[in-house]
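S.K.: What follows is run_9.cif, mmCIF, C-alpha atoms.
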```
data_structure
loop_
_atom_site.label_atom_id
_atom_site.label_comp_id
_atom_site.auth_asym_id
_atom_site.auth_seq_id
_atom_site.Cartn_x
_atom_site.Cartn_y
_atom_site.Cartn_z
CA MET F 254 8.05 -3.80 24.09
CA PHE F 255 5.84 -0.77 24.72
CA VAL F 256 6.15 2.39 22.63
CA PHE F 257 4.41 5.59 23.68
CA ALA F 258 3.74 8.02 20.81
CA ALA F 259 3.56 11.71 21.72
CA SER F 260 3.56 15.12 20.06
CA ASP F 261 3.17 18.66 21.28
CA LYS F 262 1.04 19.87 18.37
CA GLY F 263 -1.74 18.35 16.32
CA GLY F 264 -1.13 17.66 12.64
CA THR F 265 2.28 16.06 13.17
CA GLY F 266 1.28 12.78 11.54
CA ARG F 267 1.68 11.00 14.87
CA SER F 268 -1.32 8.69 14.49
CA VAL F 269 -0.96 7.84 10.81
CA THR F 270 2.78 7.25 11.16
CA SER F 271 2.29 5.13 14.29
CA SER F 272 -0.39 3.08 12.52
CA ASN F 273 1.86 2.44 9.54
CA ILE F 274 4.79 1.50 11.77
CA LEU F 275 2.66 -1.05 13.60
CA TYR F 276 1.23 -2.40 10.35
CA ARG F 277 4.75 -2.90 8.99
CA SER F 278 5.82 -4.60 12.21
CA ALA F 279 2.91 -7.06 11.90
CA LEU F 280 3.95 -7.79 8.30
CA GLN F 281 7.43 -8.56 9.66
CA GLY F 282 5.84 -11.34 11.73
CA ASN F 283 5.28 -9.66 15.08
CA ASP F 284 2.08 -9.82 17.16
CA VAL F 285 1.24 -6.13 17.67
CA CYS F 286 -1.42 -4.02 19.33
CA TYR F 287 -2.42 -0.38 18.80
CA VAL F 288 -3.88 1.34 21.88
CA ASP F 289 -5.80 4.58 21.22
CA PHE F 290 -5.33 6.86 24.24
CA ASP F 291 -6.51 9.92 22.29
CA PHE F 292 -9.71 9.84 24.34
CA GLY F 293 -11.24 13.02 22.93
CA SER F 294 -10.59 12.19 19.27
CA PRO F 295 -10.08 8.43 18.78
CA THR F 296 -9.72 8.30 15.00
CA SER F 297 -7.29 5.38 14.63
CA GLY F 298 -10.15 3.22 13.35
CA ALA F 299 -10.41 5.45 10.28
CA ILE F 300 -6.70 5.01 9.52
CA PHE F 301 -6.99 1.23 9.75
CA GLY F 302 -10.16 1.22 7.62
CA ILE F 303 -12.53 0.10 10.39
CA GLU F 304 -15.71 1.92 9.35
CA ARG F 305 -17.73 1.00 12.42
CA ALA F 306 -15.04 2.54 14.64
CA GLU F 307 -13.90 5.50 12.54
CA ASN F 308 -14.31 7.86 15.49
CA GLY F 309 -14.19 5.30 18.27
CA THR F 310 -16.29 2.23 18.93
CA THR F 311 -20.05 2.59 19.26
CA ARG F 312 -20.41 -0.62 21.27
CA GLY F 313 -19.67 1.02 24.61
CA GLY F 314 -16.59 -1.00 25.46
CA GLY F 315 -13.75 1.24 24.39
CA LEU F 316 -10.88 2.64 26.40
CA HIS F 317 -12.84 5.66 27.64
CA GLN F 318 -15.39 3.35 29.20
CA TYR F 319 -12.59 1.19 30.59
CA PHE F 320 -11.12 4.09 32.55
CA LEU F 321 -14.57 5.07 33.74
CA GLY F 322 -14.78 1.59 35.26
CA GLU F 323 -17.75 0.62 33.10
CA THR F 324 -16.08 -2.31 31.34
CA ALA F 325 -13.55 -4.76 32.76
CA ARG F 326 -11.84 -5.47 29.43
CA PRO F 327 -11.76 -2.95 26.59
CA GLU F 328 -12.98 -4.04 23.18
CA ARG F 329 -10.50 -5.52 20.74
CA ILE F 330 -10.72 -5.24 16.98
CA ASP F 331 -8.91 -7.68 14.71
CA ILE F 332 -7.79 -5.32 11.94
CA TRP F 333 -6.99 -8.09 9.46
CA ALA F 334 -10.55 -9.39 9.75
CA GLU F 335 -12.53 -6.15 10.06
CA THR F 336 -10.82 -3.60 7.83
CA GLU F 337 -12.81 -2.45 4.81
CA ARG F 338 -9.64 -2.18 2.70
CA PRO F 339 -9.11 -5.34 0.60
CA SER F 340 -5.37 -4.71 0.26
CA VAL F 341 -5.03 -4.72 4.06
CA ARG F 342 -7.45 -7.60 4.63
CA ASN F 343 -5.30 -9.92 2.53
CA ARG F 344 -3.06 -10.96 5.40
CA VAL F 345 0.19 -12.28 3.99
CA PRO F 346 1.54 -15.65 5.21
CA GLY F 347 3.75 -15.21 8.25
CA ALA F 348 2.22 -11.90 9.34
CA GLY F 349 1.58 -11.46 13.05
CA ARG F 350 -1.62 -10.42 14.80
CA LEU F 351 -2.75 -6.81 14.30
CA ILE F 352 -5.13 -5.68 17.03
CA LEU F 353 -6.72 -2.31 17.80
CA LEU F 354 -8.00 -1.20 21.21
CA PRO F 355 -10.24 1.73 20.20
CA GLY F 356 -11.52 4.70 22.12
CA ASP F 357 -15.24 5.34 22.52
CA ASN F 358 -17.38 7.29 20.10
CA GLY F 359 -18.63 10.32 22.01
CA GLY F 360 -15.96 10.02 24.69
CA SER F 361 -13.89 12.93 25.92
CA ASP F 362 -10.48 13.70 27.30
CA PHE F 363 -9.97 13.31 31.05
CA THR F 364 -9.12 16.86 32.09
CA SER F 365 -9.06 15.84 35.74
CA ALA F 366 -9.02 12.36 37.19
CA GLY F 367 -10.61 13.56 40.42
CA SER F 368 -11.34 11.07 43.16
CA ARG F 369 -10.81 8.12 40.81
CA GLU F 370 -7.26 9.15 39.93
CA ALA F 371 -5.51 6.32 41.81
CA SER F 372 -7.87 3.65 40.51
CA ARG F 373 -7.36 4.79 36.91
CA TYR F 374 -3.60 4.61 37.32
CA ASN F 375 -4.08 1.05 38.54
CA LEU F 376 -6.33 0.27 35.58
CA CYS F 377 -3.60 1.55 33.27
CA ARG F 378 -1.02 -0.60 35.04
CA ASP F 379 -3.23 -3.69 34.75
CA LEU F 380 -3.88 -3.09 31.06
CA ILE F 381 -0.16 -2.70 30.33
CA LEU F 382 0.65 -5.90 32.22
CA ARG F 383 -1.95 -7.90 30.27
CA LEU F 384 -0.91 -6.57 26.88
CA ASN F 385 2.79 -7.00 27.62
CA GLU F 386 2.26 -10.71 28.18
CA GLU F 387 0.41 -11.14 24.89
CA PHE F 388 2.08 -8.93 22.28
CA ALA F 389 5.62 -8.44 21.04
CA LEU F 390 4.98 -4.75 20.42
CA VAL F 391 2.31 -2.45 21.84
CA LEU F 392 2.07 1.13 20.59
CA VAL F 393 0.11 3.60 22.72
CA ASP F 394 -1.07 6.68 20.80
CA LEU F 395 -1.30 9.66 23.16
CA SER F 396 -3.24 12.79 22.27
CA ALA F 397 -1.24 15.90 21.43
CA GLY F 398 0.30 18.03 24.16
CA ARG F 399 0.61 17.62 27.88
CA ASN F 400 -2.51 15.86 29.10
CA TRP F 401 -3.90 13.40 31.60
CA ALA F 402 -3.13 10.40 29.39
CA VAL F 403 0.56 11.32 29.37
CA ASP F 404 0.61 11.81 33.14
CA MET F 405 -1.26 8.54 33.65
CA VAL F 406 1.21 6.58 31.54
CA LEU F 407 4.21 8.16 33.26
CA THR F 408 2.75 7.39 36.69
CA ALA F 409 1.72 3.83 35.83
CA THR F 410 5.05 2.87 34.26
CA ALA F 411 6.88 4.11 37.37
CA MET F 412 4.94 1.68 39.57
CA PRO F 413 6.95 -1.21 41.06
CA GLU F 414 5.08 -3.79 38.96
CA LEU F 415 6.24 -2.08 35.75
CA ARG F 416 9.78 -1.12 36.73
CA ASN F 417 11.21 -3.78 34.40
CA LEU F 418 8.87 -3.01 31.51
CA SER F 419 10.73 -2.53 28.24
CA SER F 420 9.34 0.78 27.00
CA ARG F 421 10.33 3.64 24.71
CA TRP F 422 8.97 7.05 23.73
CA LEU F 423 8.63 8.52 20.26
CA VAL F 424 7.99 12.25 19.82
CA PHE F 425 6.65 13.21 16.40
CA HIS F 426 7.08 16.57 14.71
CA ARG F 427 6.96 18.07 11.25
CA TRP F 428 10.12 19.61 9.83
CA THR F 429 9.19 23.24 10.46
CA LYS F 430 10.42 25.86 12.92
CA GLN F 431 7.20 25.83 14.93
CA HIS F 432 7.15 22.05 15.24
CA VAL F 433 10.85 21.76 16.15
CA VAL F 434 10.42 24.36 18.90
CA ALA F 435 7.25 22.64 20.14
CA ALA F 436 8.86 19.18 20.20
CA GLY F 437 11.85 20.46 22.13
CA GLY F 438 9.56 22.15 24.64
CA LEU F 439 7.40 19.06 25.06
CA VAL F 440 10.41 16.99 26.03
CA ASN F 441 12.81 19.42 27.71
CA GLY F 442 10.55 22.24 28.93
CA ALA F 443 9.95 23.16 32.56
CA ARG F 444 6.90 20.87 32.65
CA GLY F 445 8.02 18.62 29.80
CA LEU F 446 8.18 14.87 29.53
CA VAL F 447 11.58 14.51 31.18
CA GLU F 448 10.70 16.60 34.23
CA SER F 449 7.28 14.96 34.49
CA ALA F 450 8.87 11.51 34.28
CA VAL F 451 11.31 12.34 37.07
CA LYS F 452 8.47 13.69 39.19
CA ALA F 453 6.55 10.45 38.63
CA GLY F 454 9.53 8.41 39.83
CA HIS F 455 11.51 7.59 36.69
CA ASP F 456 15.29 7.84 36.45
CA ARG F 457 16.15 10.93 34.39
CA GLU F 458 19.02 9.43 32.40
CA SER F 459 17.24 6.16 31.68
CA PHE F 460 14.07 7.92 30.52
CA ALA F 461 16.00 10.29 28.25
CA ASP F 462 17.96 7.39 26.74
CA ASN F 463 14.69 5.73 25.74
CA LEU F 464 13.24 8.73 23.90
CA ARG F 465 13.74 9.52 20.23
CA TYR F 466 12.20 11.80 17.59
CA VAL F 467 10.48 11.06 14.29
CA ARG F 468 10.26 13.76 11.64
CA THR F 469 7.28 13.68 9.32
CA ALA F 470 6.37 15.22 5.95
CA VAL F 471 10.05 15.88 5.18
CA ILE F 472 10.89 16.99 1.64
CA ASP F 473 13.74 14.79 0.41
CA ALA F 474 16.33 16.65 -1.65
CA THR F 475 16.45 13.77 -4.14
CA SER F 476 12.69 13.22 -4.42
CA ALA F 477 10.39 14.05 -7.30
CA ASN F 478 8.73 16.64 -5.07
CA ARG F 479 12.02 18.51 -4.80
CA ARG F 480 12.78 18.27 -8.53
CA SER F 481 9.48 19.96 -9.32
CA LEU F 482 10.60 23.15 -7.56
CA THR F 483 12.07 26.13 -9.34
CA ALA F 484 15.77 26.88 -8.90
CA LYS F 485 15.06 29.71 -6.46
CA GLN F 486 12.65 27.56 -4.48
CA GLY F 487 15.29 24.83 -4.25
CA VAL F 488 17.91 27.26 -2.93
CA TRP F 489 15.45 28.68 -0.41
CA LEU F 490 14.46 25.20 0.76
CA THR F 491 18.11 24.22 1.24
CA GLU F 492 18.69 27.32 3.34
CA CYS F 493 15.60 26.55 5.42
CA ASP F 494 16.83 23.02 5.99
CA LYS F 495 20.21 24.28 7.23
CA ARG F 496 18.53 26.70 9.64
CA LEU F 497 16.26 23.93 10.91
CA GLN F 498 19.22 21.62 11.49
CA THR F 499 20.88 24.32 13.60
CA LEU F 500 17.65 25.01 15.50
CA ALA F 501 17.08 21.29 16.10
CA GLY F 502 20.54 20.99 17.61
CA ARG F 503 19.91 23.90 19.98
CA ARG F 504 16.53 22.48 21.01
CA GLN F 505 17.99 18.98 21.54
CA VAL F 506 15.93 17.58 18.68
CA GLY F 507 18.94 16.90 16.47
CA ARG F 508 20.12 14.01 14.35
CA ASN F 509 21.75 12.15 17.24
CA LEU F 510 18.27 11.66 18.74
CA LEU F 511 16.46 11.03 15.45
CA LEU F 512 15.06 7.52 15.01
CA GLY F 513 13.85 8.21 11.49
CA ALA F 514 12.07 10.51 9.07
CA VAL F 515 9.03 10.05 6.84
CA PRO F 516 9.06 11.89 3.50
CA LEU F 517 6.23 14.08 2.31
CA ASP F 518 3.79 11.83 0.48
CA PRO F 519 0.77 13.15 -1.47
CA MET F 520 -1.24 10.08 -0.52
CA LEU F 521 -0.89 10.86 3.20
CA GLN F 522 -1.61 14.53 2.57
CA TRP F 523 -4.91 13.63 0.95
CA GLN F 524 -5.90 10.56 2.94
CA GLU F 525 -4.50 9.42 6.30
CA GLN F 526 -4.42 5.65 5.94
CA LEU F 527 -2.15 2.62 5.82
CA ILE F 528 0.21 2.47 2.87
CA THR F 529 0.20 -1.03 1.43
CA ASP F 530 2.52 -2.62 -1.10
CA ASP F 531 -0.42 -2.54 -3.52
CA ASP F 532 -0.61 1.25 -3.12
CA VAL F 533 3.06 1.48 -4.05
CA GLY F 534 2.72 -0.97 -6.91
CA ASN F 535 -0.24 0.96 -8.33
CA GLY F 536 1.73 4.21 -8.17
CA ILE F 537 -0.58 5.81 -5.59
CA ALA F 538 2.02 5.95 -2.80
CA ASN F 539 5.77 6.44 -2.96
CA GLN F 540 8.20 3.58 -2.38
CA GLU F 541 10.34 5.86 -0.19
CA THR F 542 7.45 6.36 2.24
CA ARG F 543 6.77 2.64 2.46
CA ASN F 544 10.48 2.03 3.09
CA ALA F 545 10.57 4.68 5.81
CA PHE F 546 7.76 2.96 7.71
CA ASP F 547 9.42 -0.42 7.26
CA SER F 548 12.72 0.93 8.58
CA LEU F 549 11.06 2.55 11.59
CA ALA F 550 9.26 -0.70 12.42
CA LYS F 551 12.64 -2.43 12.59
CA ARG F 552 14.57 0.34 14.33
CA ILE F 553 11.93 0.80 17.01
CA VAL F 554 12.92 -2.57 18.53
CA ASP F 555 16.60 -2.51 17.53
CA ASP F 556 18.72 -1.76 20.60
CA THR F 557 21.61 -0.45 18.49
CA ALA F 558 19.35 2.28 17.06
CA TRP F 559 18.76 3.51 20.62
CA GLU F 560 22.36 3.64 21.76
CA THR F 561 23.32 7.01 23.17
CA LEU F 562 25.57 8.88 20.75
#
```
Could you take the file, read its structure, and then write that structure out as structure tokens?

M.R.:
Amino acid sequence: MFVFAASDKGGTGRSVTSSNILYRSALQGNDVCYVDFDFGSPTSGAIFGIERAENGTTRGGGLHQYFLGETARPERIDIWAETERPSVRNRVPGAGRLILLPGDNGGSDFTSAGSREASRYNLCRDLILRLNEEFALVLVDLSAGRNWAVDMVLTATAMPELRNLSSRWLVFHRWTKQHVVAAGGLVNGARGLVESAVKAGHDRESFADNLRYVRTAVIDATSANRRSLTAKQGVWLTECDKRLQTLAGRRQVGRNLLLGAVPLDPMLQWQEQLITDDDVGNGIANQETRNAFDSLAKRIVDDTAWETL
């Protein structure tokens, strides 16, 4: 299974949520791989606690170099073995492999593929084929907005060799007016994901059926964060939520297309990192956030969660 993680705006929690989903999936026993296609800002290493690759690998074998044709196989990092976080390094019995394919430190986004466009699409196809044979779940983190990485993935996955690839798309957004509007535009706009997918050769209905939304930093009405509000703030927040639900329905970002939501968590506001069971047990992170990641890790591969409503 391949999952492509997208967002229209930065600051949606796309990378930290994706990292935690994959971490939870590995703890559930699956062999998983995180692919950092945010070429201009490859910071997934920092989330996983890989200090030597906090802003991409410095060894010259990352994904940026791969698409430049300067390395035949991009570098792999075993997160269990190389993370600096002891609570992550203690791999529990039965956990699957947890591998990171990092970007390159000092790399940059591909604003134009130029004369090498076709060869880079082929390199993407070849990489997907190799990883699909090896891992139960591969999550590809795409940089925010409409960019070359998104176009490359859409083109590669429409190739005959990948027609039968089991793949899904997650679009991340915060629960605000600006983010709901942006997410709807990214997917359904004139040059959005759906239209771009059709242009690349995908079937419109099939592509749309395999796309869902994830809301991040959502204030739960029953959480301690909500109970700390004043009465007037609580009423105002409830009214905002109702307006957002209406807006989400109009923008086709409503509950029927929602795979899950991640509550606002102070730990993630202060430090974008994996949330471990130790963090919850020590009272640093909230149990509800850990449960949300665990649920998403299960629902992401559960066919019933993707049935069209």

S.K.: Which residue out of F:Lys495, F:Phe546, F:Thr296, F:Gly513 has the minimum interatomic distance to F:Asp394 when only C-alpha atoms are used?

M.R.: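 The closest residue to F:Asp394 is F:Thr296.
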
S.K.: Need the axis-aligned box for stretch 284-290 of chain F with 4 Å each side, so what are the centre and edges in Å to one decimal, as lines of an AutoDock Vina configuration file?

M.R.:
```
center_x = -1.9
center_y = -1.5
center_z = 20.7
size_x = 15.9
size_y = 24.7
size_z = 15.1
```

S.K.: I'd like the contact shell of F:Glu414 - 10 Å cut-off, all atoms listed in the file, skipping same-chain residues fewer than 6 positions apart - returned as a ChimeraX atom specification.

M.R.: /F:378-379,382

S.K.: Quick one: apply the PyMOL selection byres ((chain F and resi 397-405) around 7) to the file and drop the selected residues here as a compact mmCIF listing (two decimals) with C-alpha atoms, in the coordinates of the input.

M.R.:
```txt
# COMPACT_ATOMS: atom_id res chain seq x y z
CA ALA F 259 3.56 11.71 21.72
CA SER F 260 3.56 15.12 20.06
CA ASP F 261 3.17 18.66 21.28
CA LYS F 262 1.04 19.87 18.37
CA GLY F 263 -1.74 18.35 16.32
CA PHE F 290 -5.33 6.86 24.24
CA PHE F 363 -9.97 13.31 31.05
CA THR F 364 -9.12 16.86 32.09
CA TYR F 374 -3.60 4.61 37.32
CA LEU F 395 -1.30 9.66 23.16
CA SER F 396 -3.24 12.79 22.27
CA VAL F 406 1.21 6.58 31.54
CA LEU F 407 4.21 8.16 33.26
CA THR F 408 2.75 7.39 36.69
CA ALA F 409 1.72 3.83 35.83
```

S.K.: Quote the spacing between atom CA of F:Gly266 and atom CA of F:Thr469 in Å to one decimal place.

M.R.: 6.5 Å

S.K.: Of the candidates F:Ile300, F:Ile332, F:Leu384, F:Cys377, which one gets nearest to F:Arg344 if we count only C-alpha atoms?

M.R.: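 Selected residue with least distance to F:Arg344: F:Ile332.
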
S.K.: Output the residue selection produced by the PyMOL selection byres ((chain F and resi 312-329) around 7) on the file above, formatted as a list in words.

M.R.: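 Checking the PyMOL selection byres ((chain F and resi 312-329) around 7) against this file, the residues are Phe292, Thr310, Thr311, Ile330, Asp331, Ile352, Leu353, Leu354, Pro355, Gly356, Asp357, Gly360, Arg373 and Leu376 of chain F.
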
S.K.: Determine, counting all atoms listed in the file, which protein, DNA and RNA residues have an atom within 10 Å of an atom of F:Thr270; residues of the same chain fewer than 3 positions away are not included. Present the result as a PyMOL selection string.

M.R.: chain F and resi 258+265-267+273-276+300+425+467-469+515+521+525-528+545-546+549

S.K.: What residues come out when you apply the PyMOL selection byres ((chain F and resi 346) around 12) to this file, written as a list in words?

M.R.: Ala279, Leu280, Gln281, Gly282, Asn343, Arg344, Val345, Gly347, Ala348, Gly349 and Arg350 of chain F

S.K.: Would you mind reading off the distance between atom CA of F:Phe257 and atom CA of F:Val424, one decimal, in Å?

M.R.: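 Atom CA of F:Phe257 sits 8.5 Å away from atom CA of F:Val424.
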
S.K.: Could you complete stretch 454-468 of chain F so that it carries N, CA and C atoms, and give it back as an mmCIF file, in the coordinates of the input?

M.R.:
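Everything below was put into rebuild.cif:
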```
data_model
loop_
_atom_site.group_PDB
_atom_site.id
_atom_site.type_symbol
_atom_site.label_atom_id
_atom_site.label_comp_id
_atom_site.auth_asym_id
_atom_site.auth_seq_id
_atom_site.Cartn_x
_atom_site.Cartn_y
_atom_site.Cartn_z
ATOM 1 N N GLY F 454 8.698 9.440 39.221
ATOM 2 C CA GLY F 454 9.530 8.410 39.830
ATOM 3 C C GLY F 454 10.493 7.718 38.893
ATOM 4 N N HIS F 455 10.587 8.182 37.645
ATOM 5 C CA HIS F 455 11.510 7.590 36.690
ATOM 6 C C HIS F 455 12.921 8.151 36.870
ATOM 7 N N ASP F 456 13.909 7.371 36.469
ATOM 8 C CA ASP F 456 15.290 7.840 36.450
ATOM 9 C C ASP F 456 15.485 8.752 35.240
ATOM 10 N N ARG F 457 16.029 9.944 35.470
ATOM 11 C CA ARG F 457 16.150 10.930 34.390
ATOM 12 C C ARG F 457 16.958 10.409 33.214
ATOM 13 N N GLU F 458 18.134 9.865 33.476
ATOM 14 C CA GLU F 458 19.020 9.430 32.400
ATOM 15 C C GLU F 458 18.412 8.265 31.624
ATOM 16 N N SER F 459 17.835 7.316 32.345
ATOM 17 C CA SER F 459 17.240 6.160 31.680
ATOM 18 C C SER F 459 16.064 6.559 30.806
ATOM 19 N N PHE F 460 15.224 7.465 31.303
ATOM 20 C CA PHE F 460 14.070 7.920 30.520
ATOM 21 C C PHE F 460 14.534 8.637 29.254
ATOM 22 N N ALA F 461 15.509 9.531 29.397
ATOM 23 C CA ALA F 461 16.000 10.290 28.250
ATOM 24 C C ALA F 461 16.650 9.373 27.213
ATOM 25 N N ASP F 462 17.326 8.323 27.663
ATOM 26 C CA ASP F 462 17.960 7.390 26.740
ATOM 27 C C ASP F 462 16.949 6.606 25.922
ATOM 28 N N ASN F 463 15.731 6.502 26.418
ATOM 29 C CA ASN F 463 14.690 5.730 25.740
ATOM 30 C C ASN F 463 13.672 6.627 25.050
ATOM 31 N N LEU F 464 14.107 7.796 24.623
ATOM 32 C CA LEU F 464 13.240 8.730 23.900
ATOM 33 C C LEU F 464 13.942 9.165 22.624
ATOM 34 N N ARG F 465 13.217 9.098 21.524
ATOM 35 C CA ARG F 465 13.740 9.520 20.230
ATOM 36 C C ARG F 465 12.659 10.306 19.472
ATOM 37 N N TYR F 466 13.093 10.968 18.400
ATOM 38 C CA TYR F 466 12.200 11.800 17.590
ATOM 39 C C TYR F 466 11.973 11.175 16.220
ATOM 40 N N VAL F 467 10.799 11.451 15.659
ATOM 41 C CA VAL F 467 10.480 11.060 14.290
ATOM 42 C C VAL F 467 9.997 12.298 13.552
ATOM 43 N N ARG F 468 10.664 12.618 12.468
ATOM 44 C CA ARG F 468 10.260 13.760 11.640
ATOM 45 C C ARG F 468 9.307 13.284 10.558
#
```
